[in-house]
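**Q** Got a structure for you, query.txt, holding compact mmCIF, C-alpha atoms and all ligand atoms.
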```txt
# COMPACT_ATOMS: atom_id res chain seq x y z
CA MET A 1 -2.00 -24.76 -10.60
CA SER A 2 -1.39 -21.07 -11.36
CA ARG A 3 -0.13 -19.33 -14.47
CA PRO A 4 3.26 -17.63 -14.80
CA LEU A 5 3.29 -14.14 -13.41
CA VAL A 6 4.20 -10.64 -14.58
CA VAL A 7 4.45 -7.99 -11.85
CA LEU A 8 4.01 -4.36 -12.88
CA GLY A 9 4.85 -1.90 -10.10
CA ALA A 10 7.19 -4.57 -8.74
CA THR A 11 9.17 -2.17 -6.52
CA GLY A 12 6.11 -0.92 -4.61
CA SER A 13 4.32 -2.16 -1.53
CA VAL A 14 1.91 -4.51 -3.37
CA GLY A 15 4.52 -5.43 -5.97
CA ARG A 16 7.05 -6.61 -3.40
CA GLN A 17 4.44 -8.55 -1.46
CA THR A 18 3.32 -10.17 -4.72
CA LEU A 19 6.86 -11.38 -5.37
CA GLU A 20 7.05 -12.74 -1.82
CA VAL A 21 3.77 -14.62 -2.33
CA ALA A 22 4.89 -15.86 -5.76
CA ASN A 23 8.11 -17.25 -4.25
CA HIS A 24 6.10 -18.94 -1.52
CA LEU A 25 3.70 -20.48 -4.03
CA GLY A 26 6.54 -21.46 -6.38
CA LEU A 27 5.18 -19.39 -9.27
CA GLN A 28 7.38 -18.53 -12.21
CA VAL A 29 7.97 -14.76 -12.51
CA THR A 30 8.28 -14.02 -16.23
CA GLY A 31 8.28 -10.22 -16.18
CA ILE A 32 8.97 -7.28 -13.89
CA GLY A 33 8.16 -3.62 -14.51
CA ALA A 34 8.41 -0.34 -12.61
CA ARG A 35 8.73 3.38 -13.23
CA LEU A 36 12.38 4.10 -12.48
CA PRO A 37 15.68 2.38 -13.22
CA SER A 38 16.32 2.36 -9.47
CA PRO A 39 18.70 0.32 -7.27
CA GLU A 40 15.57 -1.43 -5.88
CA LEU A 41 14.55 -2.54 -9.37
CA LEU A 42 18.10 -3.64 -10.10
CA ASP A 43 18.05 -5.85 -6.99
CA LEU A 44 14.80 -7.43 -8.17
CA ALA A 45 16.17 -7.90 -11.69
CA LEU A 46 19.14 -9.78 -10.26
CA SER A 47 16.85 -11.90 -8.05
CA TYR A 48 14.78 -12.97 -11.08
CA PRO A 49 17.38 -13.64 -13.80
CA GLY A 50 14.80 -15.20 -16.13
CA ALA A 51 12.31 -12.32 -16.01
CA ALA A 52 11.83 -9.82 -18.84
CA LEU A 53 12.47 -6.26 -17.61
CA ALA A 54 10.55 -3.07 -18.39
CA VAL A 55 11.18 0.43 -17.05
CA ALA A 56 8.67 3.17 -17.85
CA GLY A 57 10.70 6.28 -17.05
CA GLY A 58 14.09 7.58 -15.92
CA SER A 59 16.60 9.94 -17.52
CA ALA A 60 18.77 8.80 -20.44
CA GLY A 61 21.79 8.69 -18.11
CA ASP A 62 20.02 6.61 -15.45
CA ARG A 63 18.70 4.21 -18.08
CA LYS A 64 22.19 3.72 -19.51
CA GLU A 65 23.69 3.09 -16.09
CA PHE A 66 20.89 0.62 -15.27
CA ALA A 67 21.36 -1.27 -18.55
CA ASN A 68 25.14 -1.42 -17.96
CA SER A 69 24.60 -2.92 -14.49
CA LEU A 70 22.70 -5.79 -16.10
CA ALA A 71 25.79 -6.96 -17.96
CA GLY A 72 24.22 -7.52 -21.35
CA ARG A 73 20.79 -8.67 -20.16
CA ASN A 74 17.95 -7.12 -22.13
CA VAL A 75 15.84 -4.34 -20.63
CA GLU A 76 13.13 -2.38 -22.47
CA PHE A 77 12.29 1.25 -21.69
CA GLY A 78 9.12 3.33 -21.93
CA SER A 79 5.47 2.67 -21.05
CA GLU A 80 5.18 0.51 -24.19
CA ALA A 81 7.64 -1.90 -22.60
CA LEU A 82 5.21 -2.48 -19.69
CA ILE A 83 2.35 -2.84 -22.18
CA ALA A 84 4.38 -5.51 -23.98
CA LEU A 85 4.72 -7.39 -20.69
CA ALA A 86 0.99 -7.01 -20.00
CA VAL A 87 0.09 -8.72 -23.28
CA THR A 88 2.45 -11.71 -22.88
CA PRO A 89 0.05 -14.60 -23.60
CA ALA A 90 -1.35 -16.92 -20.91
CA GLN A 91 -0.06 -15.01 -17.90
CA THR A 92 -1.37 -13.58 -14.70
CA ILE A 93 -0.59 -9.87 -14.78
CA MET A 94 -0.38 -8.18 -11.39
CA ASN A 95 -1.00 -4.48 -11.96
CA ALA A 96 0.44 -2.89 -8.82
CA VAL A 97 1.31 0.44 -10.44
CA VAL A 98 0.01 3.47 -8.56
CA GLY A 99 -2.15 6.13 -10.23
CA LEU A 100 -3.74 6.56 -13.64
CA ALA A 101 -0.40 5.53 -15.17
CA GLY A 102 -1.60 1.94 -14.57
CA LEU A 103 -4.65 2.24 -16.85
CA PRO A 104 -3.00 1.34 -20.20
CA PHE A 105 -1.54 -1.82 -18.61
CA THR A 106 -4.97 -2.85 -17.28
CA LEU A 107 -6.58 -2.39 -20.70
CA ALA A 108 -3.75 -4.17 -22.51
CA ALA A 109 -3.77 -7.18 -20.17
CA LEU A 110 -7.54 -7.62 -20.49
CA GLU A 111 -7.62 -7.10 -24.26
CA ALA A 112 -4.96 -9.83 -24.50
CA GLY A 113 -7.23 -12.23 -22.59
CA ASN A 114 -4.92 -12.52 -19.60
CA ARG A 115 -5.86 -12.89 -15.97
CA LEU A 116 -5.47 -9.45 -14.44
CA ALA A 117 -4.88 -9.27 -10.70
CA LEU A 118 -5.86 -5.64 -10.23
CA ALA A 119 -4.39 -3.62 -7.38
CA ASN A 120 -4.35 -0.43 -9.48
CA LYS A 121 -7.80 0.73 -8.36
CA GLU A 122 -7.40 3.97 -10.31
CA SER A 123 -8.08 1.98 -13.52
CA LEU A 124 -11.57 1.05 -12.41
CA VAL A 125 -12.29 4.38 -10.76
CA ALA A 126 -11.17 6.62 -13.62
CA ALA A 127 -12.19 4.42 -16.54
CA GLY A 128 -14.57 1.68 -15.35
CA PRO A 129 -16.54 1.42 -18.62
CA LEU A 130 -13.33 1.11 -20.69
CA VAL A 131 -12.09 -1.64 -18.39
CA GLN A 132 -15.42 -3.48 -18.78
CA THR A 133 -15.19 -3.23 -22.57
CA ALA A 134 -11.61 -4.54 -22.61
CA LEU A 135 -12.66 -7.40 -20.33
CA SER A 136 -15.55 -8.51 -22.50
CA ARG A 137 -13.61 -8.01 -25.76
CA GLY A 138 -10.49 -9.88 -24.66
CA GLY A 139 -12.23 -12.60 -22.67
CA GLY A 140 -9.70 -12.29 -19.84
CA GLU A 141 -10.35 -12.38 -16.12
CA LEU A 142 -10.38 -9.47 -13.67
CA ILE A 143 -9.59 -10.47 -10.09
CA PRO A 144 -9.55 -7.70 -7.50
CA VAL A 145 -6.60 -7.41 -5.14
CA ASP A 146 -8.00 -4.81 -2.74
CA SER A 147 -8.77 -6.69 0.46
CA GLU A 148 -12.36 -5.40 0.50
CA HIS A 149 -13.18 -6.56 -3.03
CA SER A 150 -11.32 -9.83 -2.59
CA ALA A 151 -13.49 -10.35 0.50
CA ILE A 152 -16.67 -9.68 -1.45
CA LEU A 153 -15.57 -11.96 -4.30
CA GLN A 154 -14.96 -14.73 -1.77
CA CYS A 155 -18.33 -14.15 -0.07
CA LEU A 156 -20.07 -14.36 -3.46
CA MET A 157 -18.52 -17.64 -4.56
CA GLY A 158 -21.27 -20.22 -5.05
CA GLU A 159 -24.02 -17.65 -4.46
CA ASP A 160 -26.92 -16.63 -6.69
CA GLN A 161 -26.31 -13.06 -7.93
CA GLY A 162 -30.09 -12.50 -7.82
CA ALA A 163 -30.14 -13.00 -4.04
CA LEU A 164 -27.64 -10.20 -3.43
CA VAL A 165 -29.07 -7.24 -1.51
CA ARG A 166 -26.18 -5.10 -0.24
CA LEU A 167 -22.42 -4.88 -0.15
CA ILE A 168 -20.99 -3.49 3.07
CA LEU A 169 -17.43 -2.22 2.72
CA THR A 170 -15.48 -1.87 5.92
CA ALA A 171 -13.12 1.06 6.52
CA SER A 172 -10.62 1.31 9.35
CA GLY A 173 -11.33 5.04 9.63
CA GLY A 174 -7.60 5.80 9.33
CA PRO A 175 -5.44 7.67 11.84
CA PHE A 176 -7.99 10.48 12.36
CA ARG A 177 -11.04 8.40 13.19
CA GLY A 178 -13.09 10.31 15.79
CA TRP A 179 -11.44 13.66 14.96
CA SER A 180 -13.50 16.68 13.97
CA ARG A 181 -12.80 18.57 10.74
CA GLU A 182 -11.40 21.48 12.79
CA GLU A 183 -9.01 19.11 14.59
CA MET A 184 -7.77 17.82 11.21
CA GLU A 185 -6.99 21.33 9.89
CA GLU A 186 -3.36 21.21 11.07
CA VAL A 187 -2.61 17.53 10.37
CA THR A 188 0.92 16.91 9.01
CA PRO A 189 1.99 14.43 6.31
CA ALA A 190 3.86 12.41 8.96
CA GLN A 191 0.61 12.01 10.96
CA ALA A 192 -1.40 11.10 7.85
CA LEU A 193 1.18 8.52 6.78
CA LYS A 194 0.76 6.55 10.02
CA HIS A 195 -2.01 4.12 9.17
CA PRO A 196 -3.19 2.21 12.24
CA ASN A 197 -3.43 -1.23 10.57
CA TRP A 198 -1.83 -1.32 7.10
CA VAL A 199 1.63 -0.50 5.70
CA MET A 200 1.11 0.78 2.15
CA GLY A 201 2.41 3.23 -0.46
CA LYS A 202 2.12 6.94 0.34
CA ARG A 203 -0.80 7.86 -1.86
CA ILE A 204 -3.13 5.12 -0.66
CA THR A 205 -2.14 5.81 2.95
CA VAL A 206 -3.14 9.47 2.66
CA ASP A 207 -6.27 8.40 0.74
CA SER A 208 -7.15 6.10 3.64
CA ALA A 209 -6.79 9.01 6.08
CA THR A 210 -9.18 11.23 4.05
CA LEU A 211 -11.50 8.28 3.17
CA VAL A 212 -10.90 9.06 -0.53
CA ASN A 213 -9.65 5.49 -0.71
CA LYS A 214 -13.03 4.25 0.50
CA ALA A 215 -14.74 6.49 -2.05
CA PHE A 216 -12.62 4.81 -4.74
CA GLU A 217 -13.52 1.39 -3.38
CA VAL A 218 -17.24 2.18 -3.55
CA ILE A 219 -16.84 2.99 -7.26
CA GLU A 220 -14.71 -0.14 -7.75
CA ALA A 221 -17.39 -2.27 -6.05
CA ASN A 222 -20.05 -0.84 -8.33
CA GLN A 223 -17.90 -1.70 -11.37
CA LEU A 224 -16.82 -5.15 -10.20
CA PHE A 225 -20.07 -6.52 -8.81
CA GLY A 226 -22.71 -4.57 -10.75
CA LEU A 227 -24.68 -3.31 -7.74
CA SER A 228 -26.11 0.21 -7.70
CA PHE A 229 -24.65 2.85 -5.41
CA ASP A 230 -27.81 2.57 -3.26
CA GLN A 231 -26.82 -1.04 -2.54
CA ILE A 232 -23.28 -0.22 -1.38
CA GLU A 233 -22.62 0.95 2.17
CA VAL A 234 -19.55 1.79 4.18
CA VAL A 235 -19.11 1.05 7.86
CA ILE A 236 -16.16 1.95 10.07
CA HIS A 237 -14.47 -1.10 11.54
CA PRO A 238 -11.30 0.06 13.33
CA GLN A 239 -9.71 -3.39 13.71
CA SER A 240 -9.61 -4.13 9.92
CA VAL A 241 -10.32 -7.81 10.57
CA VAL A 242 -13.67 -8.02 8.76
CA HIS A 243 -12.62 -7.07 5.23
CA SER A 244 -16.15 -6.61 3.89
CA MET A 245 -19.60 -8.18 3.94
CA VAL A 246 -22.39 -9.24 1.63
CA GLU A 247 -26.07 -9.29 2.60
CA PHE A 248 -28.51 -11.67 0.90
CA SER A 249 -32.28 -11.61 0.40
CA ASP A 250 -32.96 -14.12 3.21
CA GLY A 251 -31.41 -11.78 5.79
CA SER A 252 -28.10 -13.65 5.94
CA THR A 253 -24.84 -11.73 5.88
CA LYS A 254 -21.52 -13.31 4.90
CA ALA A 255 -18.27 -11.68 5.97
CA HIS A 256 -14.64 -12.39 5.16
CA LEU A 257 -12.25 -12.16 8.11
CA GLY A 258 -8.52 -12.39 8.57
CA TYR A 259 -5.51 -10.42 9.71
CA PRO A 260 -5.00 -7.15 7.82
CA ASP A 261 -2.23 -8.46 5.59
CA MET A 262 -2.23 -7.85 1.83
CA ARG A 263 -0.46 -11.13 1.19
CA ILE A 264 -3.81 -12.90 1.77
CA PRO A 265 -5.82 -11.17 -1.02
CA ILE A 266 -2.74 -11.10 -3.28
CA ALA A 267 -2.37 -14.88 -2.94
CA PHE A 268 -6.07 -15.40 -3.61
CA ALA A 269 -5.87 -13.35 -6.81
CA LEU A 270 -2.98 -15.53 -7.98
CA THR A 271 -4.56 -18.89 -7.10
CA TYR A 272 -8.28 -18.10 -7.71
CA PRO A 273 -10.58 -19.98 -7.54
CA LEU A 274 -8.37 -22.35 -5.54
CA ARG A 275 -6.35 -21.61 -2.41
CA GLY A 276 -2.67 -22.26 -1.86
CA PRO A 277 -0.66 -22.53 1.34
CA GLY A 278 -0.67 -19.13 3.06
CA LEU A 279 2.13 -16.97 4.41
CA VAL A 280 -0.14 -15.60 7.13
CA GLY A 281 -1.38 -17.65 10.07
CA GLY A 282 -5.08 -18.16 10.84
CA PHE A 283 -6.90 -15.59 12.95
CA ARG A 284 -6.61 -15.98 16.72
CA TRP A 285 -10.06 -15.32 18.17
CA PRO A 286 -9.83 -15.21 22.00
CA GLY A 287 -9.57 -11.69 23.37
CA GLN A 288 -10.55 -9.99 20.09
CA ARG A 289 -13.16 -7.26 20.00
CA LEU A 290 -14.67 -6.39 16.63
CA THR A 291 -16.55 -3.07 16.56
CA PHE A 292 -18.48 -1.12 13.92
CA GLU A 293 -19.41 2.56 13.67
CA GLU A 294 -21.14 5.01 11.31
CA VAL A 295 -18.93 7.14 9.06
CA ASP A 296 -18.73 10.81 10.15
CA LEU A 297 -19.51 12.38 6.78
CA GLU A 298 -19.06 15.91 8.10
CA ALA A 299 -15.47 15.23 9.13
CA PHE A 300 -14.76 13.09 6.03
CA PRO A 301 -16.68 14.68 3.13
CA ALA A 302 -14.62 12.79 0.52
CA LEU A 303 -16.75 9.69 0.92
CA ALA A 304 -19.92 11.53 -0.07
CA LEU A 305 -18.04 13.13 -2.98
CA GLY A 306 -17.11 9.63 -4.14
CA PHE A 307 -20.71 8.38 -4.01
CA ALA A 308 -21.87 11.49 -5.89
CA ALA A 309 -19.14 11.15 -8.56
CA GLY A 310 -19.93 7.45 -8.95
CA ARG A 311 -23.66 8.14 -9.38
CA GLN A 312 -22.94 10.90 -11.86
CA GLY A 313 -20.63 8.63 -13.89
CA GLY A 314 -19.03 9.80 -17.15
CA SER A 315 -15.98 11.92 -16.44
CA ALA A 316 -16.82 12.60 -12.75
CA PRO A 317 -14.86 9.64 -11.30
CA THR A 318 -11.94 10.47 -13.64
CA ILE A 319 -11.93 14.03 -12.27
CA LEU A 320 -12.19 12.71 -8.70
CA ASN A 321 -9.10 10.56 -9.18
CA ALA A 322 -7.03 13.20 -10.98
CA ALA A 323 -7.83 15.98 -8.49
CA ASP A 324 -7.00 13.67 -5.60
CA GLU A 325 -3.68 12.61 -7.14
CA ILE A 326 -2.65 16.28 -7.47
CA ALA A 327 -4.02 17.26 -4.04
CA VAL A 328 -2.28 14.39 -2.23
CA GLU A 329 1.03 15.32 -3.85
CA ALA A 330 0.51 18.96 -2.77
CA PHE A 331 -0.33 17.85 0.77
CA LEU A 332 2.75 15.62 1.00
CA THR A 333 4.99 18.46 -0.20
CA GLY A 334 3.51 20.99 2.24
CA ARG A 335 1.59 23.05 -0.34
CA LEU A 336 -1.90 22.10 0.83
CA GLY A 337 -3.53 21.39 4.17
CA PHE A 338 -5.12 18.02 4.93
CA ASN A 339 -8.70 19.31 4.68
CA GLY A 340 -7.69 21.04 1.45
CA ILE A 341 -7.58 17.63 -0.28
CA SER A 342 -11.36 17.16 -0.18
CA ARG A 343 -11.90 20.88 -0.90
CA VAL A 344 -9.78 20.64 -4.07
CA ILE A 345 -11.63 17.49 -5.17
CA SER A 346 -15.01 19.12 -4.59
CA ASP A 347 -14.02 22.32 -6.44
CA ALA A 348 -12.50 20.34 -9.34
CA LEU A 349 -15.72 18.32 -9.67
CA GLU A 350 -17.63 21.63 -9.82
CA THR A 351 -15.23 23.36 -12.22
CA VAL A 352 -14.11 20.80 -14.81
CA PRO A 353 -16.69 20.42 -17.59
CA HIS A 354 -18.31 16.99 -17.52
CA SER A 355 -18.25 14.63 -20.50
CA ASN A 356 -18.53 10.95 -21.33
CA PRO A 357 -15.04 9.73 -22.28
CA SER A 358 -15.34 6.69 -24.52
CA ASN A 359 -11.71 5.79 -25.19
CA LEU A 360 -8.30 5.97 -23.52
CA GLU A 361 -7.33 9.23 -25.24
CA GLU A 362 -10.51 10.95 -23.98
CA VAL A 363 -9.94 9.68 -20.42
CA ILE A 364 -6.36 10.96 -20.56
CA GLU A 365 -7.61 14.36 -21.79
CA VAL A 366 -10.17 14.64 -18.94
CA ASP A 367 -7.43 13.61 -16.53
CA ARG A 368 -5.10 16.29 -17.93
CA VAL A 369 -7.70 19.06 -17.64
CA ALA A 370 -8.66 17.93 -14.12
CA ARG A 371 -5.01 17.92 -13.02
CA THR A 372 -4.41 21.41 -14.41
CA THR A 373 -7.57 22.66 -12.73
CA ALA A 374 -6.70 21.01 -9.42
CA ALA A 375 -3.19 22.50 -9.56
CA SER A 376 -4.61 26.00 -10.13
CA LEU A 377 -7.08 25.50 -7.27
CA ILE A 378 -4.16 24.61 -5.01
CA VAL A 379 -2.20 27.71 -6.01
CA GLY A 380 -5.40 29.67 -5.34
CA ALA A 381 -5.75 28.05 -1.92
CA CYS A 382 -2.28 29.16 -0.72
N1 LIG B 1 -0.28 -0.92 -0.63
C1 LIG B 1 -1.38 -1.59 -0.36
O1 LIG B 1 -1.48 -2.27 0.66
C2 LIG B 1 -2.55 -1.53 -1.33
C3 LIG B 1 -3.74 -2.17 -1.00
C4 LIG B 1 -4.78 -2.17 -1.92
C5 LIG B 1 -4.64 -1.53 -3.14
N2 LIG B 1 -3.48 -0.88 -3.42
C6 LIG B 1 -3.35 -0.20 -4.72
O2 LIG B 1 -2.24 -0.80 -5.40
C7 LIG B 1 -1.57 0.18 -6.21
C8 LIG B 1 -0.11 0.23 -5.78
O3 LIG B 1 -0.05 0.70 -4.45
P1 LIG B 1 1.28 0.64 -3.59
O4 LIG B 1 0.88 1.05 -2.23
O5 LIG B 1 1.97 -0.65 -3.82
O6 LIG B 1 2.12 1.83 -4.29
P2 LIG B 1 3.67 2.17 -4.14
O7 LIG B 1 4.27 1.45 -3.00
O8 LIG B 1 3.77 3.65 -4.21
O9 LIG B 1 4.30 1.52 -5.49
C9 LIG B 1 3.92 2.00 -6.75
C10 LIG B 1 4.59 1.19 -7.85
O10 LIG B 1 4.16 1.73 -9.11
C11 LIG B 1 5.32 2.00 -9.92
N3 LIG B 1 4.99 3.12 -10.80
C12 LIG B 1 4.63 4.38 -10.44
N4 LIG B 1 4.38 5.11 -11.55
C13 LIG B 1 4.60 4.30 -12.62
C14 LIG B 1 4.55 4.46 -14.02
N5 LIG B 1 4.24 5.63 -14.57
N6 LIG B 1 4.82 3.40 -14.81
C15 LIG B 1 5.17 2.21 -14.27
N7 LIG B 1 5.25 1.97 -12.94
C16 LIG B 1 4.97 3.01 -12.13
C17 LIG B 1 6.41 2.35 -8.91
O11 LIG B 1 7.69 2.23 -9.50
P3 LIG B 1 8.96 3.05 -8.89
O12 LIG B 1 9.29 2.37 -7.58
O13 LIG B 1 10.01 2.87 -9.90
O14 LIG B 1 8.51 4.46 -8.69
C18 LIG B 1 6.13 1.28 -7.86
O15 LIG B 1 6.66 0.04 -8.29
C19 LIG B 1 -2.33 1.49 -5.98
O16 LIG B 1 -3.28 1.64 -6.98
C20 LIG B 1 -3.04 1.29 -4.64
O17 LIG B 1 -4.21 2.04 -4.52
C21 LIG B 1 -2.44 -0.87 -2.56
```
Let me see the file written as structure tokens.
**A**
Amino acid sequence: MSRPLVVLGATGSVGRQTLEVANHLGLQVTGIGARLPSPELLDLALSYPGAALAVAGGSAGDRKEFANSLAGRNVEFGSEALIALAVTPAQTIMNAVVGLAGLPFTLAALEAGNRLALANKESLVAAGPLVQTALSRGGGELIPVDSEHSAILQCLMGEDQGALVRLILTASGGPFRGWSREEMEEVTPAQALKHPNWVMGKRITVDSATLVNKAFEVIEANQLFGLSFDQIEVVIHPQSVVHSMVEFSDGSTKAHLGYPDMRIPIAFALTYPLRGPGLVGGFRWPGQRLTFEEVDLEAFPALALGFAAGRQGGSAPTILNAADEIAVEAFLTGRLGFNGISRVISDALETVPHSNPSNLEEVIEVDRVARTTAASLIVGAC
């Protein structure tokens, strides 16, 4: 039913769940990639003896030790090694790498005409037009893995695109839902890393707490489904059971519901357009209360920044992503306050000159300038 699978970012939260789903579905795992030659990656390498191995980084010493532990099995090093996996013909490529580092793998997989299961949202946020070009040039498929976009894709199946009126993305509101901006001034990384409904990697967990993640998802939705930013809304839904909704011209709204468990959208991306046997049970309805609220844009200004950057287009979303990546790292290492994250993003969007990057090198250059600027804004903030 499904194609063989390559998992990039295999050691991360989405990567590991992808491997669990693949085992459950009986899919062949032909390649595994990650950043570091870590003990976690070694464990995975030993669990999948037939998979090609790619490691992007690591010191010369760590690489040597890793290769020695594989007792003669081949392992390739450097980003190019993950690109080589991404272009293996007739595969599904799960891109579960975090950050802009995932962009070259997205472009390579699509140019090669593969099915790309895209968890790396930064690709679409920072370089949406390049991703679209690679998709149409390579003739591959782009299947979203984010639960919200998987939900929308599922709601749209069999529908007439012309009857689409609005996309409504749900957001849990994160751990600080209902807090004022003043109350969030002293928030610690440990508090921000406690998401009420999802267990995820650190960056996306902090991004969920600031609503930067939702800002990214708005831009992703615009890229994936072709609706204008005026047709995309966000509503707070603390239970994370309704994963998103689509409104049609006749007044009907379709929603996708299920437990907040990434293994559901991951499985759908691997089996699309069919469905396989799930790892997660069906939703139990009695006693459930599903509620919806407006977003407090004063407390969470990052969402409005995301809409503005998306509308502006060009380099603005690239700057948004880069500044956030630097600001989140500074927050997690105690160099920036929680509210400082959206301040740094806003100042970077004001400061970095805008342009229209038209290739990977230009996106990487905008990203570099935005990171340097964000870093200097953080030093200035301390
Ligand atoms: N977690 C979720 O539930 C969830 C839901 C929706 C979307 N997403 C998106 O999915 C992506 C992954 O998120 P995550 O939460 O799984 O992140 P994570 O747990 O932090 O894992 C990140 C993975 O990326 C690898 N990686 C990092 N930098 C790399 C590089 N330069 N080259 C190659 N591999 C690299 C890491 O390898 P090492 O372990 O060697 O560092 C690790 O395997 C993000 O874009 C996120 O926004 C996540």
**Q** Write out as number ranges by chain which residues come within 12 Å of Ser13 (chain A) when counting only C-alpha atoms, dropping same-chain ones fewer than 3 positions away.
**A** A: 7-10, 16-20, 34, 95-98, 119-120, 198-205, 261-263, 266
**Q** To one decimal place, how far is CA of Glu220 (chain A) from CA of Leu124 (chain A) in Å?
**A**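 Calculated distance between CA of Glu220 (chain A) and CA of Leu124 (chain A) is 5.7 Å.
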**Q** Fewer than 2 positions away in the same chain doesn't count, so skip those; otherwise give me all residues within 9 Å of Val55 (chain A), counting only C-alpha atoms, as a PyMOL selection string.
**A** chain A and resi 32-37+41+53+57-58+63+75-79+81-82
**Q** Check the smallest atom-to-atom distance from each of A:Pro265, A:Ala209, A:Glu111, A:Leu25 to ligand LIG 1 (chain B) using only C-alpha atoms and all ligand atoms, then report the winner.
**A**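 For ligand LIG 1 (chain B), the nearest of the candidates is A:Pro265.
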**Q** Around all of ligand LIG 1 (chain B)'s listed atoms, make the axis-aligned box with 5 Å on each side and tell me centre and edge lengths in Å to one decimal, as AutoDock Vina command-line options.
**A**
```
--center_x 2.6 --center_y 1.7 --center_z -7.1 --size_x 24.8 --size_y 17.9 --size_z 25.5
```
**Q** In Å to one decimal, how far is CA of Ala304 (chain A) from CA of Phe338 (chain A)?
**A** 16.9 Å
**Q** Could you tell me how far CA of Trp285 (chain A) lies from CA of Ala151 (chain A), in Å and to one decimal?
**A** 18.7 Å
**Q** Taking all atoms listed in the file into account, which of A:Ala51, A:Val206, A:Leu153, A:Ile341 comes nearest ligand LIG 1 (chain B)?
**A**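 Going through A:Ala51, A:Val206, A:Leu153, A:Ile341 one by one, the smallest distance to ligand LIG 1 (chain B) is for A:Val206.
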**Q** Kindly complete region 69-81 of chain A to N, CA, C and O atoms; the output should be written as a PDB file, in the coordinates of the input.
**A**
```pdb
ATOM      1  N   SER A  69      24.509  -2.078 -15.698  1.00  0.00           N
ATOM      2  CA  SER A  69      24.600  -2.920 -14.490  1.00  0.00           C
ATOM      3  C   SER A  69      24.059  -4.316 -14.736  1.00  0.00           C
ATOM      4  O   SER A  69      24.269  -5.219 -13.928  1.00  0.00           O
ATOM      5  N   LEU A  70      23.313  -4.479 -15.834  1.00  0.00           N
ATOM      6  CA  LEU A  70      22.700  -5.790 -16.100  1.00  0.00           C
ATOM      7  C   LEU A  70      23.603  -6.684 -16.954  1.00  0.00           C
ATOM      8  O   LEU A  70      23.203  -7.795 -17.318  1.00  0.00           O
ATOM      9  N   ALA A  71      24.767  -6.178 -17.258  1.00  0.00           N
ATOM     10  CA  ALA A  71      25.790  -6.960 -17.960  1.00  0.00           C
ATOM     11  C   ALA A  71      25.233  -7.693 -19.183  1.00  0.00           C
ATOM     12  O   ALA A  71      25.300  -8.920 -19.279  1.00  0.00           O
ATOM     13  N   GLY A  72      24.649  -6.940 -20.085  1.00  0.00           N
ATOM     14  CA  GLY A  72      24.220  -7.520 -21.350  1.00  0.00           C
ATOM     15  C   GLY A  72      22.799  -8.073 -21.350  1.00  0.00           C
ATOM     16  O   GLY A  72      22.267  -8.401 -22.409  1.00  0.00           O
ATOM     17  N   ARG A  73      22.173  -8.163 -20.180  1.00  0.00           N
ATOM     18  CA  ARG A  73      20.790  -8.670 -20.160  1.00  0.00           C
ATOM     19  C   ARG A  73      19.856  -7.607 -20.749  1.00  0.00           C
ATOM     20  O   ARG A  73      20.043  -6.409 -20.512  1.00  0.00           O
ATOM     21  N   ASN A  74      18.818  -8.078 -21.456  1.00  0.00           N
ATOM     22  CA  ASN A  74      17.950  -7.120 -22.130  1.00  0.00           C
ATOM     23  C   ASN A  74      17.021  -6.406 -21.156  1.00  0.00           C
ATOM     24  O   ASN A  74      16.499  -7.007 -20.221  1.00  0.00           O
ATOM     25  N   VAL A  75      16.851  -5.096 -21.379  1.00  0.00           N
ATOM     26  CA  VAL A  75      15.840  -4.340 -20.630  1.00  0.00           C
ATOM     27  C   VAL A  75      15.197  -3.378 -21.628  1.00  0.00           C
ATOM     28  O   VAL A  75      15.873  -2.768 -22.447  1.00  0.00           O
ATOM     29  N   GLU A  76      13.850  -3.278 -21.551  1.00  0.00           N
ATOM     30  CA  GLU A  76      13.130  -2.380 -22.470  1.00  0.00           C
ATOM     31  C   GLU A  76      12.669  -1.162 -21.690  1.00  0.00           C
ATOM     32  O   GLU A  76      12.279  -1.280 -20.509  1.00  0.00           O
ATOM     33  N   PHE A  77      12.669   0.001 -22.363  1.00  0.00           N
ATOM     34  CA  PHE A  77      12.290   1.250 -21.690  1.00  0.00           C
ATOM     35  C   PHE A  77      11.040   1.864 -22.308  1.00  0.00           C
ATOM     36  O   PHE A  77      10.743   1.647 -23.480  1.00  0.00           O
ATOM     37  N   GLY A  78      10.336   2.633 -21.490  1.00  0.00           N
ATOM     38  CA  GLY A  78       9.120   3.330 -21.930  1.00  0.00           C
ATOM     39  C   GLY A  78       7.877   2.573 -21.485  1.00  0.00           C
ATOM     40  O   GLY A  78       7.939   1.380 -21.194  1.00  0.00           O
ATOM     41  N   SER A  79       6.738   3.289 -21.453  1.00  0.00           N
ATOM     42  CA  SER A  79       5.470   2.670 -21.050  1.00  0.00           C
ATOM     43  C   SER A  79       5.112   1.483 -21.936  1.00  0.00           C
ATOM     44  O   SER A  79       4.519   0.509 -21.483  1.00  0.00           O
ATOM     45  N   GLU A  80       5.499   1.603 -23.235  1.00  0.00           N
ATOM     46  CA  GLU A  80       5.180   0.510 -24.190  1.00  0.00           C
ATOM     47  C   GLU A  80       5.822  -0.793 -23.740  1.00  0.00           C
ATOM     48  O   GLU A  80       5.305  -1.880 -24.033  1.00  0.00           O
ATOM     49  N   ALA A  81       6.948  -0.684 -23.046  1.00  0.00           N
ATOM     50  CA  ALA A  81       7.640  -1.900 -22.600  1.00  0.00           C
ATOM     51  C   ALA A  81       6.789  -2.619 -21.541  1.00  0.00           C
ATOM     52  O   ALA A  81       6.733  -3.851 -21.503  1.00  0.00           O
TER      53      ALA A  81
END
```
